[in-house]
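S.K.: This is the structure I have questions about; it appears just below.
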Amino acid sequence: MKHRGNDFRRKKGLLRQKKGATLVELVVTFVLIAIFAVGTCQIVATSLKTYYQIRNVEHAQQVSDTILDKITGELSGAQNKYPGSNTQASVSIAQDGKTIEFQDKNFSEVSISTKNDLLLLHYKAGGHGQNGAFKDTDWTFDQAVYMDYTIASLTFTQPGNDYPRNIIQVDLTLEGPGGRYDHTRYVSCYNRPIIEQQTIT
């Protein structure tokens, strides 16, 4: 019984020595947790903003490359003569620069412009290589290709005298998530057709 009484007194003394957290300590703890939480949220928010900015730029670059690759593929093969004749074929750029017309590598009459803020390629019926066998045909990319972007501006011009006369400057502006993105490409017409500005109807 004596040993039990000593054990009880010893445990009781230990319990008295163990103090609980005071109100001030709890308040300080919660304040520190709140400070760390706010700092973490700010870091996460900044990281997410940076991520979305980079993603938007990458998507805009991907969409512009897809559009400009299609234009380059069509325009670079523009013919400088009509088939079976020595008549000079030309590349015609509208006065406002928004439409370009030419004869492609298949001797089809093609115009490139935009419609409803999307790229439009129009193949005319009865082109020099078609003998009137085909109807007018419009070609566009599927909507999913644009990744929520639209074409704010697409223009064709001849750059300055520092460039060869067979070069066409293509300026593309996309509008979408995150704002507007400008892209420029120089297309070389390897058949060296005459390039001229004129009124296109």
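Residues are named by chain letter and number: chains run A, B, ... in the order of the structure tokens, numbers start at 1 in each chain, and ligands are numbered from 1 in the order shown.
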Taking the DSSP secondary structure from the backbone, can you list the residues of segment 5-197 of chain A that are strand (DSSP E), as a ChimeraX atom specification?

M.R.: /A:90-94,100-103,109-115,118-123,137-139,150-157,167-176,179-188,194-197

S.K.: Would you mind writing down, as a ChimeraX atom specification, each residue of segment 1-200 of chain A that DSSP on the backbone assigns to helix (DSSP H, G or I)?

M.R.: /A:2-17,23-75,143-146

S.K.: With only C-alpha atoms as the basis for distance, which of A:Gln158, A:Gln79, A:Ile35, A:Tyr181 is at the shortest distance from Gln95 of chain A?

M.R.: A:Gln158

S.K.: Hey, which of A:Thr87, A:Gln61, A:Thr50, A:Ser92 ends up closest to Thr173 of chain A? Count only C-alpha atoms.

M.R.: A:Gln61

S.K.: List the neighbours of Ala89 of chain A out to 10 Å using only C-alpha atoms; skip same-chain residues closer than 2 positions along the sequence, and give me the result as an MDAnalysis selection string.

M.R.: chainID A and resid 78:83 86:87 91:92 102:103 192:195

S.K.: Neighbouring residues of Leu118 of chain A were defined as those with any atom within 10 Å, considering only C-alpha atoms; residues of the same chain fewer than 6 positions away were excluded. Please report them as a PyMOL selection string.

M.R.: chain A and resi 67+140-143+146+149-154+174

S.K.: Got a sec: who's within 9 Å of Asn56 of chain A, counting only C-alpha atoms, leaving out chain neighbours fewer than 3 positions off, as a short mmCIF file (atom, residue, chain, number, x, y, z; two decimals) with C-alpha atoms, in the first residue's frame?

M.R.:
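Output file selection_36.cif is given in full below:
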```cif
data_model
loop_
_atom_site.label_atom_id
_atom_site.label_comp_id
_atom_site.auth_asym_id
_atom_site.auth_seq_id
_atom_site.Cartn_x
_atom_site.Cartn_y
_atom_site.Cartn_z
CA TYR A 51 1.28 29.26 -65.85
CA TYR A 52 -1.82 30.52 -67.67
CA GLN A 53 0.15 33.35 -69.30
CA HIS A 59 -1.47 28.18 -77.66
CA ALA A 60 -1.36 31.44 -79.61
CA GLN A 61 1.98 30.42 -81.12
CA GLY A 176 -8.27 35.33 -77.44
CA PRO A 177 -7.44 34.25 -73.89
CA GLY A 178 -4.96 36.68 -72.43
CA GLY A 179 -5.18 39.35 -75.14
#
```
